[in-house]
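Undergrad: To be precise about what I am sending: the file is called work24.txt and holds compact mmCIF, C-alpha atoms.
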```txt
# COMPACT_ATOMS: atom_id res chain seq x y z
CA MET A 1 105.07 -21.67 148.04
CA ILE A 2 106.77 -18.77 149.81
CA SER A 3 108.64 -16.26 147.66
CA VAL A 4 112.08 -15.08 148.79
CA LYS A 5 111.14 -11.62 147.49
CA GLU A 6 108.26 -11.54 149.98
CA ILE A 7 110.61 -12.65 152.76
CA GLN A 8 113.03 -9.88 151.81
CA LYS A 9 110.13 -7.41 151.78
CA ALA A 10 109.12 -8.58 155.23
CA ALA A 11 112.69 -8.24 156.52
CA ALA A 12 112.84 -4.63 155.32
CA ALA A 13 109.47 -3.80 156.90
CA LEU A 14 110.33 -5.46 160.21
CA GLU A 15 113.62 -3.61 160.61
CA GLY A 16 113.44 -1.69 163.86
CA MET A 17 110.23 -3.46 164.91
CA ILE A 18 111.80 -6.76 165.92
CA SER A 19 115.30 -7.58 167.15
CA ARG A 20 118.03 -8.66 164.78
CA THR A 21 119.19 -11.49 167.01
CA PRO A 22 122.87 -12.33 167.35
CA LEU A 23 124.63 -15.30 165.77
CA ILE A 24 127.31 -16.50 168.17
CA HIS A 25 130.03 -19.13 167.85
CA SER A 26 130.39 -21.89 170.46
CA SER A 27 133.89 -23.30 170.86
CA THR A 28 132.60 -25.94 173.28
CA PHE A 29 129.91 -27.36 171.00
CA SER A 30 132.29 -27.09 168.06
CA ARG A 31 134.93 -29.14 169.86
CA VAL A 32 132.43 -31.80 170.92
CA SER A 33 130.78 -32.15 167.50
CA GLY A 34 133.78 -31.64 165.24
CA ALA A 35 131.90 -28.91 163.36
CA GLN A 36 131.93 -25.13 163.63
CA VAL A 37 128.78 -24.51 165.62
CA TYR A 38 126.88 -21.22 165.79
CA LEU A 39 123.73 -20.33 167.76
CA LYS A 40 121.00 -18.09 166.36
CA LEU A 41 119.54 -16.63 169.54
CA GLU A 42 115.84 -16.05 168.89
CA ASN A 43 115.29 -16.42 172.63
CA LEU A 44 116.47 -12.79 172.83
CA GLN A 45 113.43 -11.43 170.98
CA GLU A 46 111.21 -9.16 173.09
CA THR A 47 108.58 -11.86 173.63
CA GLY A 48 111.23 -14.52 174.15
CA SER A 49 110.75 -16.32 170.82
CA PHE A 50 110.79 -16.05 167.02
CA LYS A 51 106.98 -15.91 166.90
CA ILE A 52 106.98 -12.10 167.06
CA ARG A 53 108.39 -12.04 163.49
CA GLY A 54 105.48 -13.78 161.79
CA ALA A 55 102.85 -12.15 164.00
CA THR A 56 104.19 -8.66 163.33
CA TRP A 57 104.39 -9.21 159.56
CA LYS A 58 100.86 -10.64 159.49
CA ILE A 59 99.35 -7.77 161.45
CA LEU A 60 101.48 -5.10 159.79
CA GLY A 61 100.13 -6.06 156.39
CA GLY A 62 96.50 -6.32 157.43
CA ALA A 63 96.03 -3.82 160.24
CA ASP A 64 93.45 -1.74 158.36
CA ARG A 65 91.17 -4.67 157.57
CA PHE A 66 91.62 -6.12 161.09
CA ARG A 67 90.43 -2.99 162.92
CA ARG A 68 86.71 -3.77 163.00
CA GLY A 69 86.92 -6.75 165.29
CA GLY A 70 90.60 -7.13 166.12
CA VAL A 71 92.43 -10.44 165.93
CA VAL A 72 92.10 -13.79 167.64
CA ALA A 73 94.73 -16.52 168.00
CA ALA A 74 95.19 -19.85 169.73
CA SER A 75 98.42 -20.83 171.44
CA ALA A 76 99.90 -22.35 174.56
CA GLY A 77 102.47 -19.58 174.85
CA ASN A 78 104.83 -18.11 172.26
CA HIS A 79 102.40 -17.39 169.44
CA ALA A 80 100.02 -15.92 172.01
CA GLN A 81 102.62 -13.44 173.20
CA GLY A 82 103.74 -12.57 169.69
CA VAL A 83 100.22 -11.84 168.47
CA ALA A 84 99.30 -9.90 171.61
CA LEU A 85 102.34 -7.61 171.37
CA ALA A 86 102.08 -7.13 167.60
CA ALA A 87 98.38 -6.28 167.90
CA THR A 88 98.95 -3.83 170.74
CA ARG A 89 101.63 -2.06 168.71
CA ALA A 90 99.16 -1.79 165.82
CA LYS A 91 96.47 -0.50 168.23
CA LEU A 92 94.32 -3.57 167.64
CA LYS A 93 92.35 -5.66 170.09
CA SER A 94 93.62 -9.21 170.50
CA THR A 95 91.96 -12.28 171.96
CA ILE A 96 94.10 -15.28 172.79
CA VAL A 97 92.61 -18.73 173.36
CA MET A 98 94.92 -20.90 175.43
CA PRO A 99 94.50 -24.52 176.57
CA GLU A 100 93.30 -24.87 180.14
CA TRP A 101 96.65 -26.40 181.15
CA SER A 102 98.67 -23.41 179.93
CA SER A 103 101.11 -22.17 182.53
CA ILE A 104 100.11 -19.18 184.61
CA SER A 105 103.29 -17.34 183.66
CA LYS A 106 102.51 -17.62 179.94
CA GLN A 107 98.92 -16.55 180.50
CA GLU A 108 100.12 -13.48 182.39
CA ALA A 109 102.73 -12.72 179.75
CA ALA A 110 100.05 -12.66 177.03
CA ARG A 111 97.90 -10.39 179.19
CA SER A 112 100.85 -8.08 179.88
CA TYR A 113 101.29 -7.59 176.12
CA GLY A 114 97.67 -6.49 175.85
CA GLY A 115 95.86 -9.70 174.96
CA GLU A 116 92.54 -10.85 176.37
CA VAL A 117 93.13 -14.45 177.43
CA ILE A 118 90.42 -17.11 177.25
CA LEU A 119 91.15 -20.60 178.58
CA HIS A 120 89.48 -23.33 176.57
CA GLY A 121 90.19 -26.95 175.70
CA GLN A 122 92.70 -29.61 176.62
CA THR A 123 94.62 -29.47 173.33
CA ILE A 124 95.84 -26.82 170.92
CA THR A 125 93.42 -28.25 168.36
CA GLU A 126 90.48 -27.55 170.68
CA SER A 127 91.80 -24.04 171.35
CA ILE A 128 92.13 -23.36 167.62
CA ARG A 129 88.56 -24.56 167.08
CA LYS A 130 87.33 -22.13 169.74
CA ALA A 131 89.38 -19.28 168.23
CA ARG A 132 87.83 -19.95 164.82
CA GLU A 133 84.37 -19.77 166.41
CA LEU A 134 85.22 -16.40 167.92
CA ALA A 135 86.38 -15.21 164.52
CA LEU A 136 82.83 -15.60 163.20
CA ASP A 137 81.84 -12.36 164.96
CA GLY A 138 84.24 -10.22 162.94
CA ARG A 139 87.59 -10.94 164.53
CA THR A 140 90.39 -12.16 162.24
CA PHE A 141 91.89 -15.53 163.11
CA ILE A 142 95.70 -15.76 162.99
CA HIS A 143 96.91 -19.33 162.68
CA PRO A 144 100.09 -20.17 164.64
CA TYR A 145 101.90 -21.78 161.69
CA ASP A 146 99.72 -22.62 158.67
CA ASP A 147 99.59 -19.13 157.23
CA VAL A 148 101.57 -17.62 154.34
CA GLU A 149 102.33 -14.30 156.08
CA ILE A 150 103.29 -16.06 159.32
CA ILE A 151 105.71 -18.33 157.45
CA THR A 152 107.08 -15.38 155.50
CA GLY A 153 107.85 -13.49 158.69
CA GLN A 154 109.64 -16.48 160.21
CA GLY A 155 111.76 -16.77 157.06
CA THR A 156 113.49 -13.48 157.88
CA ILE A 157 115.63 -15.45 160.34
CA ALA A 158 117.29 -17.21 157.41
CA LEU A 159 118.20 -13.92 155.69
CA GLU A 160 119.97 -12.76 158.85
CA ILE A 161 121.87 -16.04 159.11
CA LEU A 162 122.97 -15.86 155.47
CA GLU A 163 124.11 -12.27 155.89
CA ASP A 164 126.08 -12.99 159.08
CA LEU A 165 127.50 -16.34 157.93
CA PRO A 166 127.43 -16.47 154.11
CA ASP A 167 129.30 -19.79 153.94
CA VAL A 168 127.03 -21.68 156.32
CA ASP A 169 126.75 -25.38 155.45
CA MET A 170 123.78 -26.50 157.56
CA ILE A 171 120.93 -24.97 159.55
CA ILE A 172 119.19 -27.12 162.18
CA VAL A 173 115.67 -25.97 163.06
CA PRO A 174 112.99 -27.03 165.59
CA VAL A 175 109.79 -28.32 163.96
CA GLY A 176 106.28 -28.29 165.39
CA GLY A 177 103.58 -27.25 162.95
CA GLY A 178 106.28 -26.39 160.43
CA GLY A 179 105.98 -22.61 160.11
CA LEU A 180 109.52 -21.83 161.24
CA VAL A 181 111.31 -24.48 159.19
CA SER A 182 109.14 -23.70 156.14
CA GLY A 183 110.08 -20.03 156.25
CA ILE A 184 113.78 -20.72 156.80
CA ALA A 185 113.96 -23.40 154.12
CA SER A 186 112.10 -21.21 151.60
CA ALA A 187 114.63 -18.41 152.00
CA VAL A 188 117.71 -20.61 152.18
CA LYS A 189 116.93 -22.75 149.14
CA ALA A 190 116.23 -19.64 147.05
CA VAL A 191 119.48 -17.89 148.01
CA ARG A 192 121.93 -20.75 148.69
CA PRO A 193 120.34 -24.07 147.69
CA GLN A 194 123.45 -26.05 148.68
CA VAL A 195 122.85 -25.27 152.38
CA ALA A 196 121.29 -28.24 154.15
CA VAL A 197 118.18 -27.54 156.23
CA VAL A 198 117.46 -30.16 158.90
CA GLY A 199 114.30 -30.20 161.01
CA VAL A 200 114.16 -31.66 164.53
CA GLN A 201 111.17 -32.93 166.47
CA THR A 202 110.75 -34.51 169.87
CA ASP A 203 109.95 -38.21 169.62
CA ALA A 204 107.02 -37.45 171.94
CA CYS A 205 105.24 -35.80 168.99
CA PRO A 206 106.70 -36.88 165.62
CA SER A 207 104.05 -35.39 163.30
CA ALA A 208 106.41 -34.06 160.61
CA TYR A 209 108.60 -37.15 160.80
CA GLN A 210 105.62 -39.45 160.31
CA ALA A 211 104.23 -37.26 157.54
CA ARG A 212 107.46 -37.67 155.61
CA LEU A 213 107.46 -41.42 156.16
CA ASN A 214 103.84 -41.71 155.02
CA GLY A 215 104.00 -39.14 152.23
CA ARG A 216 100.94 -37.32 153.60
CA ILE A 217 99.85 -35.19 156.54
CA THR A 218 99.62 -37.53 159.50
CA ARG A 219 97.97 -36.91 162.86
CA VAL A 220 99.89 -38.39 165.78
CA ASP A 221 99.24 -38.81 169.48
CA VAL A 222 100.99 -36.27 171.68
CA LYS A 223 102.85 -37.38 174.76
CA GLN A 224 103.90 -34.96 177.48
CA SER A 225 107.09 -33.22 176.40
CA ILE A 226 109.67 -30.79 177.69
CA ALA A 227 109.47 -29.27 174.22
CA ASP A 228 105.80 -28.30 174.50
CA GLY A 229 106.25 -25.50 171.97
CA ILE A 230 106.66 -28.05 169.16
CA ALA A 231 104.16 -30.64 170.42
CA VAL A 232 101.81 -30.23 167.43
CA LYS A 233 99.67 -33.17 166.32
CA GLU A 234 99.90 -32.56 162.57
CA LEU A 235 101.49 -30.33 159.97
CA GLY A 236 99.49 -27.73 158.11
CA GLY A 237 98.28 -27.87 154.54
CA ILE A 238 100.67 -25.07 153.63
CA THR A 239 103.71 -26.22 155.59
CA PHE A 240 103.66 -29.89 154.57
CA PRO A 241 104.46 -29.45 150.85
CA ILE A 242 107.15 -26.86 151.65
CA ILE A 243 108.83 -29.24 154.07
CA GLU A 244 108.57 -32.09 151.58
CA GLU A 245 110.28 -30.05 148.86
CA LYS A 246 112.78 -27.92 150.73
CA VAL A 247 113.79 -29.57 154.01
CA ASP A 248 116.65 -32.02 153.51
CA ASP A 249 116.09 -34.20 156.56
CA LEU A 250 113.86 -34.63 159.60
CA VAL A 251 115.12 -36.29 162.78
CA LEU A 252 113.79 -37.13 166.24
CA VAL A 253 115.35 -36.60 169.66
CA GLU A 254 114.50 -38.16 173.00
CA GLU A 255 113.29 -36.14 175.97
CA GLU A 256 116.42 -36.79 178.06
CA TRP A 257 118.60 -35.35 175.29
CA ILE A 258 116.44 -32.24 175.17
CA ALA A 259 116.87 -31.78 178.92
CA ALA A 260 120.61 -32.25 178.52
CA GLY A 261 120.62 -29.65 175.75
CA ILE A 262 118.90 -27.07 177.98
CA VAL A 263 121.48 -27.64 180.71
CA LYS A 264 124.45 -27.48 178.33
CA LEU A 265 123.24 -24.21 176.83
CA LEU A 266 122.92 -22.76 180.32
CA GLU A 267 126.25 -24.01 181.56
CA ARG A 268 128.39 -23.43 178.50
CA LYS A 269 126.88 -20.32 176.90
CA ARG A 270 124.63 -18.88 179.63
CA VAL A 271 121.76 -19.19 177.17
CA LEU A 272 118.31 -19.93 178.54
CA ALA A 273 116.42 -22.02 175.99
CA GLU A 274 113.01 -23.62 176.28
CA GLY A 275 112.69 -27.26 175.28
CA ALA A 276 111.83 -26.46 171.66
CA GLY A 277 114.79 -24.11 171.45
CA ALA A 278 117.19 -26.80 172.68
CA VAL A 279 116.22 -29.58 170.24
CA PRO A 280 118.76 -28.57 167.55
CA LEU A 281 121.61 -28.93 170.06
CA ALA A 282 120.08 -32.16 171.37
CA ALA A 283 120.04 -33.57 167.84
CA LEU A 284 123.63 -32.51 167.21
CA LEU A 285 125.10 -33.81 170.46
CA GLY A 286 122.91 -36.92 170.38
CA GLY A 287 124.29 -37.93 167.00
CA ARG A 288 120.94 -37.64 165.23
CA VAL A 289 122.41 -35.33 162.58
CA THR A 290 125.44 -36.29 160.51
CA VAL A 291 127.70 -33.26 160.15
CA PRO A 292 130.91 -33.27 158.07
CA ALA A 293 134.05 -32.38 160.04
CA GLY A 294 134.61 -28.65 160.08
CA ALA A 295 131.22 -27.80 158.55
CA LYS A 296 129.64 -24.53 159.63
CA VAL A 297 126.39 -25.38 161.41
CA VAL A 298 123.77 -22.98 162.77
CA LEU A 299 121.43 -24.10 165.54
CA VAL A 300 118.24 -22.03 165.73
CA VAL A 301 117.50 -21.45 169.43
CA SER A 302 113.87 -20.63 168.74
CA GLY A 303 112.79 -19.42 172.18
CA GLY A 304 113.53 -19.11 175.86
CA ASN A 305 110.09 -19.11 177.50
CA VAL A 306 110.32 -21.83 180.12
CA ASP A 307 108.47 -21.82 183.44
CA SER A 308 110.65 -21.59 186.53
CA PRO A 309 109.24 -24.74 188.22
CA LEU A 310 109.67 -26.73 185.01
CA LEU A 311 113.16 -25.31 184.53
CA ASP A 312 114.18 -26.60 187.95
CA ARG A 313 112.99 -30.11 187.07
CA VAL A 314 114.54 -29.99 183.62
CA ILE A 315 117.89 -28.83 184.98
CA ARG A 316 117.93 -31.70 187.44
CA LYS A 317 117.02 -34.18 184.71
CA GLY A 318 119.71 -32.73 182.49
CA LEU A 319 122.32 -32.89 185.24
CA PHE A 320 121.60 -36.57 185.74
CA ARG A 321 121.70 -37.19 181.99
CA ASN A 322 125.03 -35.34 181.65
CA GLY A 323 126.68 -37.24 184.49
CA ARG A 324 126.70 -34.16 186.71
CA MET A 325 124.53 -35.75 189.41
CA VAL A 326 123.90 -39.29 190.61
CA ARG A 327 121.62 -40.87 193.18
CA PHE A 328 122.15 -44.25 194.83
CA SER A 329 121.81 -46.16 198.10
CA VAL A 330 124.45 -47.90 200.21
CA CYS A 331 124.01 -50.55 202.91
CA LEU A 332 126.01 -49.85 206.07
CA ASP A 333 126.76 -51.77 209.24
CA ASP A 334 124.86 -49.90 211.93
CA VAL A 335 127.87 -49.18 214.12
CA PRO A 336 129.55 -45.91 215.13
CA GLY A 337 131.77 -44.48 212.44
CA SER A 338 130.21 -46.29 209.44
CA LEU A 339 128.63 -43.17 207.95
CA ALA A 340 131.76 -41.09 208.57
CA ARG A 341 133.92 -43.65 206.74
CA LEU A 342 131.53 -43.67 203.76
CA LEU A 343 131.47 -39.88 203.54
CA GLY A 344 135.24 -39.81 203.90
CA ILE A 345 135.62 -41.90 200.74
CA ILE A 346 133.19 -39.64 198.86
CA ALA A 347 135.08 -36.54 200.06
CA ARG A 348 138.42 -37.96 198.88
CA LEU A 349 136.87 -38.55 195.46
CA ARG A 350 135.87 -34.86 195.31
CA ALA A 351 132.11 -35.44 194.99
CA ASN A 352 129.71 -33.02 196.64
CA VAL A 353 126.86 -34.37 198.78
CA VAL A 354 123.65 -32.59 197.73
CA HIS A 355 121.23 -34.73 199.75
CA ILE A 356 121.58 -37.52 202.29
CA ASP A 357 118.99 -39.69 204.02
CA HIS A 358 120.19 -42.08 206.74
CA ASN A 359 117.49 -44.67 207.48
CA ARG A 360 117.97 -46.94 210.52
CA SER A 361 114.35 -47.90 211.20
CA GLY A 362 112.85 -49.26 207.99
CA ARG A 363 110.17 -51.89 208.49
CA ASP A 364 112.12 -54.62 206.67
CA LEU A 365 115.56 -53.39 207.73
CA PRO A 366 117.61 -55.76 209.95
CA VAL A 367 118.69 -54.22 213.25
CA PHE A 368 122.38 -54.47 212.34
CA LEU A 369 122.06 -52.57 209.04
CA SER A 370 121.18 -49.05 207.94
CA ILE A 371 120.49 -47.59 204.51
CA VAL A 372 122.05 -44.35 203.33
CA GLU A 373 120.55 -42.75 200.23
CA LEU A 374 122.90 -40.22 198.64
CA GLU A 375 122.54 -37.64 195.93
CA LEU A 376 125.91 -36.38 194.73
CA GLU A 377 127.11 -33.61 192.46
CA THR A 378 129.72 -35.10 190.16
CA ARG A 379 131.98 -34.00 187.31
CA SER A 380 131.14 -36.56 184.64
CA GLU A 381 130.01 -40.11 183.93
CA SER A 382 133.61 -41.30 184.38
CA HIS A 383 133.66 -39.62 187.79
CA ILE A 384 130.48 -41.49 188.72
CA ALA A 385 132.07 -44.78 187.60
CA GLU A 386 135.12 -44.01 189.71
CA ILE A 387 132.95 -43.39 192.79
CA ILE A 388 130.95 -46.58 192.33
CA ASP A 389 134.02 -48.72 191.65
CA THR A 390 135.81 -47.34 194.69
CA LEU A 391 132.83 -47.99 196.94
CA ARG A 392 132.44 -51.52 195.63
CA ASN A 393 136.13 -52.24 196.05
CA SER A 394 135.84 -50.94 199.60
CA GLY A 395 133.17 -53.56 200.32
CA TYR A 396 130.00 -51.51 200.00
CA ALA A 397 126.81 -52.74 198.32
CA VAL A 398 125.63 -49.96 196.05
CA HIS A 399 122.07 -49.95 194.68
CA SER A 400 119.55 -47.73 193.02
CA ASP A 401 116.36 -49.55 193.97
CA LEU A 402 117.13 -51.21 197.32
CA PRO A 403 116.94 -54.84 196.12
CA ASN A 404 116.50 -57.67 198.59
CA HIS A 405 120.15 -58.72 198.65
CA CYS A 406 120.96 -55.30 200.09
CA PHE A 407 119.75 -56.69 203.41
CA LEU A 408 122.12 -59.67 203.52
CA PRO A 409 124.35 -59.94 206.60
CA PRO A 410 127.69 -58.09 206.34
CA GLU A 411 129.81 -61.25 206.21
CA ILE A 412 127.94 -62.43 203.07
CA ARG A 413 128.04 -59.03 201.47
CA MET A 414 131.80 -58.78 201.99
CA ARG A 415 132.52 -62.04 200.15
CA ASN A 416 131.85 -60.61 196.71
CA PRO A 417 131.30 -56.84 196.90
CA GLY A 418 131.81 -56.42 193.15
CA SER A 419 128.83 -58.63 192.30
CA HIS A 420 126.24 -56.02 193.22
CA GLU A 421 124.98 -54.18 190.13
CA PHE A 422 124.80 -50.41 189.94
CA HIS A 423 122.16 -48.62 187.93
CA GLU A 424 121.73 -44.86 187.89
CA LYS A 425 118.30 -43.93 189.14
CA PRO A 426 116.56 -41.55 186.72
CA ALA A 427 115.79 -38.05 187.89
CA ALA A 428 112.21 -37.09 188.62
CA PRO A 429 110.53 -35.64 185.54
```
Kindly transcribe the structure held in the file into structure tokens.
TA:
Amino acid sequence: MISVKEIQKAAAALEGMISRTPLIHSSTFSRVSGAQVYLKLENLQETGSFKIRGATWKILGGADRFRRGGVVAASAGNHAQGVALAATRAKLKSTIVMPEWSSISKQEAARSYGGEVILHGQTITESIRKARELALDGRTFIHPYDDVEIITGQGTIALEILEDLPDVDMIIVPVGGGGLVSGIASAVKAVRPQVAVVGVQTDACPSAYQARLNGRITRVDVKQSIADGIAVKELGGITFPIIEEKVDDLVLVEEEWIAAGIVKLLERKRVLAEGAGAVPLAALLGGRVTVPAGAKVVLVVSGGNVDSPLLDRVIRKGLFRNGRMVRFSVCLDDVPGSLARLLGIIARLRANVVHIDHNRSGRDLPVFLSIVELELETRSESHIAEIIDTLRNSGYAVHSDLPNHCFLPPEIRMRNPGSHEFHEKPAAP
């Protein structure tokens, strides 16, 4: 187990070497949840995530014995950057093995911090295996989560939270391999055991959740996830027993809620969080965590390293999930003024047209009809419902997937305009 004295020792040693990240209150998330919600902004660390804490403590304590061959690590992003920067500061060589699918931006970030990047494998497990092979020539392997010093360094986050908010009631933490939540729970339960520690995973990779259900370390299949930083197939031999003893609950969140969490953090607090960093908010707003009214809750925003192309897709997905955008199709009589009348209704309802496609020549489209596909910026789900109801009541057939009855003659469509079902089309992943 991890000693709180060692965590306190690490905190003292790391002072001035890593950022003491702010703990900020969110009136918006507090109002929505009924709790007093605070954000621990680890995305503001120099490498963009909490990983620099554990990596620095690990290397700080072993720099002399590491010098002969340097260090080697395996990671898809955050651990890679943390180890590379910590090693460079200690004047050590670092080699980082990254999966072949790792984003170019994260590869370049690791290189910019001084790491030699090697691409190998299709999974983190394969990358770790390669890193261990490289360690046979004298380099020291630094595990991303299943390491006592790594966990100890991550636990310094909890000490900062307890100092800034002594009467905290609950801390909600992202969980991948378990290093972060193990460190936080070890410190919290030693200092204030009444504080609840809740871990959150994406349901695309529920390794900790399944391990708790089964009572043993369980390997799971990994599906593609927005929260790639916590997409770890199985817990470690060190982290599993700590989680079993000290973490009060483990919950899962769906991908669409994670996307919504990223968007809400951006819109409401101007905080850029990666998928893993947004899962605590996703769990809170998605009702996965039961929080007593007025309780003081800290959400650990573990990192902010998200690729720009992915961020664009995630924002769009989140906007659709939050009722801020909608996409649908409308059948129109192909006569002058039809499109103008449709857009006039949308304008009166204060929706903003983001994209429009007016199709008059589809292969199966009758000559007297046209199809208009619209993408609108909206205020909320109730605003979307108002738009759809108004269009239906005005005689329009509204669809998401262009069903066959969309092509019925106008006189048939007008007999029962309210009978046509509306379904929001999901955003592209």
Undergrad: Need the shell around range 314-320 of chain A: protein/DNA/RNA residues with any atom at most 12 Å away, counting all atoms listed in the file. Skip same-chain ones fewer than 5 positions apart. Format as a PyMOL selection string?
TA: chain A and resi 225-227+255-267+272-275+278+282+306-309+325-328+354+375-381+384+424-429
Undergrad: Please produce a file of the residues just selected, as a PDB file, keeping the file's coordinate frame, where the atoms kept are C-alpha atoms.
TA:
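Saved the output as selection.pdb:
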```pdb
ATOM      1  CA  SER A 225     107.090 -33.220 176.400  1.00  0.00           C
ATOM      2  CA  ILE A 226     109.670 -30.790 177.690  1.00  0.00           C
ATOM      3  CA  ALA A 227     109.470 -29.270 174.220  1.00  0.00           C
ATOM      4  CA  GLU A 255     113.290 -36.140 175.970  1.00  0.00           C
ATOM      5  CA  GLU A 256     116.420 -36.790 178.060  1.00  0.00           C
ATOM      6  CA  TRP A 257     118.600 -35.350 175.290  1.00  0.00           C
ATOM      7  CA  ILE A 258     116.440 -32.240 175.170  1.00  0.00           C
ATOM      8  CA  ALA A 259     116.870 -31.780 178.920  1.00  0.00           C
ATOM      9  CA  ALA A 260     120.610 -32.250 178.520  1.00  0.00           C
ATOM     10  CA  GLY A 261     120.620 -29.650 175.750  1.00  0.00           C
ATOM     11  CA  ILE A 262     118.900 -27.070 177.980  1.00  0.00           C
ATOM     12  CA  VAL A 263     121.480 -27.640 180.710  1.00  0.00           C
ATOM     13  CA  LYS A 264     124.450 -27.480 178.330  1.00  0.00           C
ATOM     14  CA  LEU A 265     123.240 -24.210 176.830  1.00  0.00           C
ATOM     15  CA  LEU A 266     122.920 -22.760 180.320  1.00  0.00           C
ATOM     16  CA  GLU A 267     126.250 -24.010 181.560  1.00  0.00           C
ATOM     17  CA  LEU A 272     118.310 -19.930 178.540  1.00  0.00           C
ATOM     18  CA  ALA A 273     116.420 -22.020 175.990  1.00  0.00           C
ATOM     19  CA  GLU A 274     113.010 -23.620 176.280  1.00  0.00           C
ATOM     20  CA  GLY A 275     112.690 -27.260 175.280  1.00  0.00           C
ATOM     21  CA  ALA A 278     117.190 -26.800 172.680  1.00  0.00           C
ATOM     22  CA  ALA A 282     120.080 -32.160 171.370  1.00  0.00           C
ATOM     23  CA  VAL A 306     110.320 -21.830 180.120  1.00  0.00           C
ATOM     24  CA  ASP A 307     108.470 -21.820 183.440  1.00  0.00           C
ATOM     25  CA  SER A 308     110.650 -21.590 186.530  1.00  0.00           C
ATOM     26  CA  PRO A 309     109.240 -24.740 188.220  1.00  0.00           C
ATOM     27  CA  MET A 325     124.530 -35.750 189.410  1.00  0.00           C
ATOM     28  CA  VAL A 326     123.900 -39.290 190.610  1.00  0.00           C
ATOM     29  CA  ARG A 327     121.620 -40.870 193.180  1.00  0.00           C
ATOM     30  CA  PHE A 328     122.150 -44.250 194.830  1.00  0.00           C
ATOM     31  CA  VAL A 354     123.650 -32.590 197.730  1.00  0.00           C
ATOM     32  CA  GLU A 375     122.540 -37.640 195.930  1.00  0.00           C
ATOM     33  CA  LEU A 376     125.910 -36.380 194.730  1.00  0.00           C
ATOM     34  CA  GLU A 377     127.110 -33.610 192.460  1.00  0.00           C
ATOM     35  CA  THR A 378     129.720 -35.100 190.160  1.00  0.00           C
ATOM     36  CA  ARG A 379     131.980 -34.000 187.310  1.00  0.00           C
ATOM     37  CA  SER A 380     131.140 -36.560 184.640  1.00  0.00           C
ATOM     38  CA  GLU A 381     130.010 -40.110 183.930  1.00  0.00           C
ATOM     39  CA  ILE A 384     130.480 -41.490 188.720  1.00  0.00           C
ATOM     40  CA  GLU A 424     121.730 -44.860 187.890  1.00  0.00           C
ATOM     41  CA  LYS A 425     118.300 -43.930 189.140  1.00  0.00           C
ATOM     42  CA  PRO A 426     116.560 -41.550 186.720  1.00  0.00           C
ATOM     43  CA  ALA A 427     115.790 -38.050 187.890  1.00  0.00           C
ATOM     44  CA  ALA A 428     112.210 -37.090 188.620  1.00  0.00           C
ATOM     45  CA  PRO A 429     110.530 -35.640 185.540  1.00  0.00           C
TER      46      PRO A 429
END
```
Undergrad: Give me, as a ChimeraX atom specification, all polymer residues having an atom no more than 10 Å from Ser30 in chain A, counting all atoms listed in the file and skipping those fewer than 6 positions away in the same chain.
TA: /A:36-38,293-297
Undergrad: From the options A:Asp203, A:Gly303, A:Leu165, A:Pro241, which residue's atoms come nearest to Ile52 in chain A, counting only C-alpha atoms?
TA: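 Closest residue, counting only C-alpha atoms: A:Gly303.
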Undergrad: Residues near Thr125 in chain A, anyone? I mean within 9 Å using all atoms listed in the file, not counting same-chain ones fewer than 3 positions away, as an MDAnalysis selection string.
TA: chainID A and resid 74 121:122 128:130 232:233
Undergrad: In terms of the shortest atom-to-atom distance over all atoms listed in the file, which of A:Ser102, A:Thr28, A:Thr218, A:Ser49 is closest to Cys205 in chain A?
TA: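 When distances to Cys205 in chain A are compared using all atoms listed in the file, the smallest one comes from A:Thr218.
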Undergrad: Show which residues sit within 7 Å of range 356-371 of chain A, as a compact mmCIF listing (two decimals) with C-alpha atoms, keeping the file's coordinate frame. Count all atoms listed in the file, and ignore same-chain residues fewer than 3 positions away.
TA:
```txt
# COMPACT_ATOMS: atom_id res chain seq x y z
CA SER A 329 121.81 -46.16 198.10
CA VAL A 330 124.45 -47.90 200.21
CA CYS A 331 124.01 -50.55 202.91
CA LEU A 332 126.01 -49.85 206.07
CA ASP A 333 126.76 -51.77 209.24
CA ASP A 334 124.86 -49.90 211.93
CA LEU A 374 122.90 -40.22 198.64
CA GLU A 375 122.54 -37.64 195.93
CA PHE A 407 119.75 -56.69 203.41
```
Undergrad: Taking 3 positions as the minimum chain separation for residues in the same chain, which residues sit within 7 Å of Glu149 in chain A when counting only C-alpha atoms? Answer as a list in words.
TA: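 In the requested format, the answer is Gly54, Trp57, Lys58, Thr152 and Gly153 of chain A.
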Undergrad: I'd like to know which of A:Lys91, A:His399, A:Arg219, A:Lys106 is closest to Arg68 in chain A, using only C-alpha atoms.
TA: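 Among A:Lys91, A:His399, A:Arg219, A:Lys106, it is A:Lys91 that comes nearest to Arg68 in chain A.
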Undergrad: Ranking A:Phe66, A:Trp101, A:Phe50, A:Phe240 by minimum distance to Gly138 in chain A and counting only C-alpha atoms, which one comes first?
TA: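 Selected residue with least distance to Gly138 in chain A: A:Phe66.
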Undergrad: Would you mind reading off the distance between CA of Asp147 in chain A and CA of Gly237 in chain A, one decimal, in Å?
TA: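 CA of Gly237 in chain A lies at a distance of 9.2 Å from CA of Asp147 in chain A.
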Undergrad: Go through A:His383, A:Ile184, A:Leu339, A:Leu159 and flag the residue nearest Ala12 in chain A, using all atoms listed in the file for the distances.
TA: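 Comparing A:His383, A:Ile184, A:Leu339, A:Leu159 against Ala12 in chain A, the winner is A:Leu159.
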Undergrad: Taking into account all atoms listed in the file, which residue in the set A:Leu235, A:Ala76, A:Val291, A:Val83 is nearest to Gln201 in chain A?
TA: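 Closest residue, counting all atoms listed in the file: A:Leu235.
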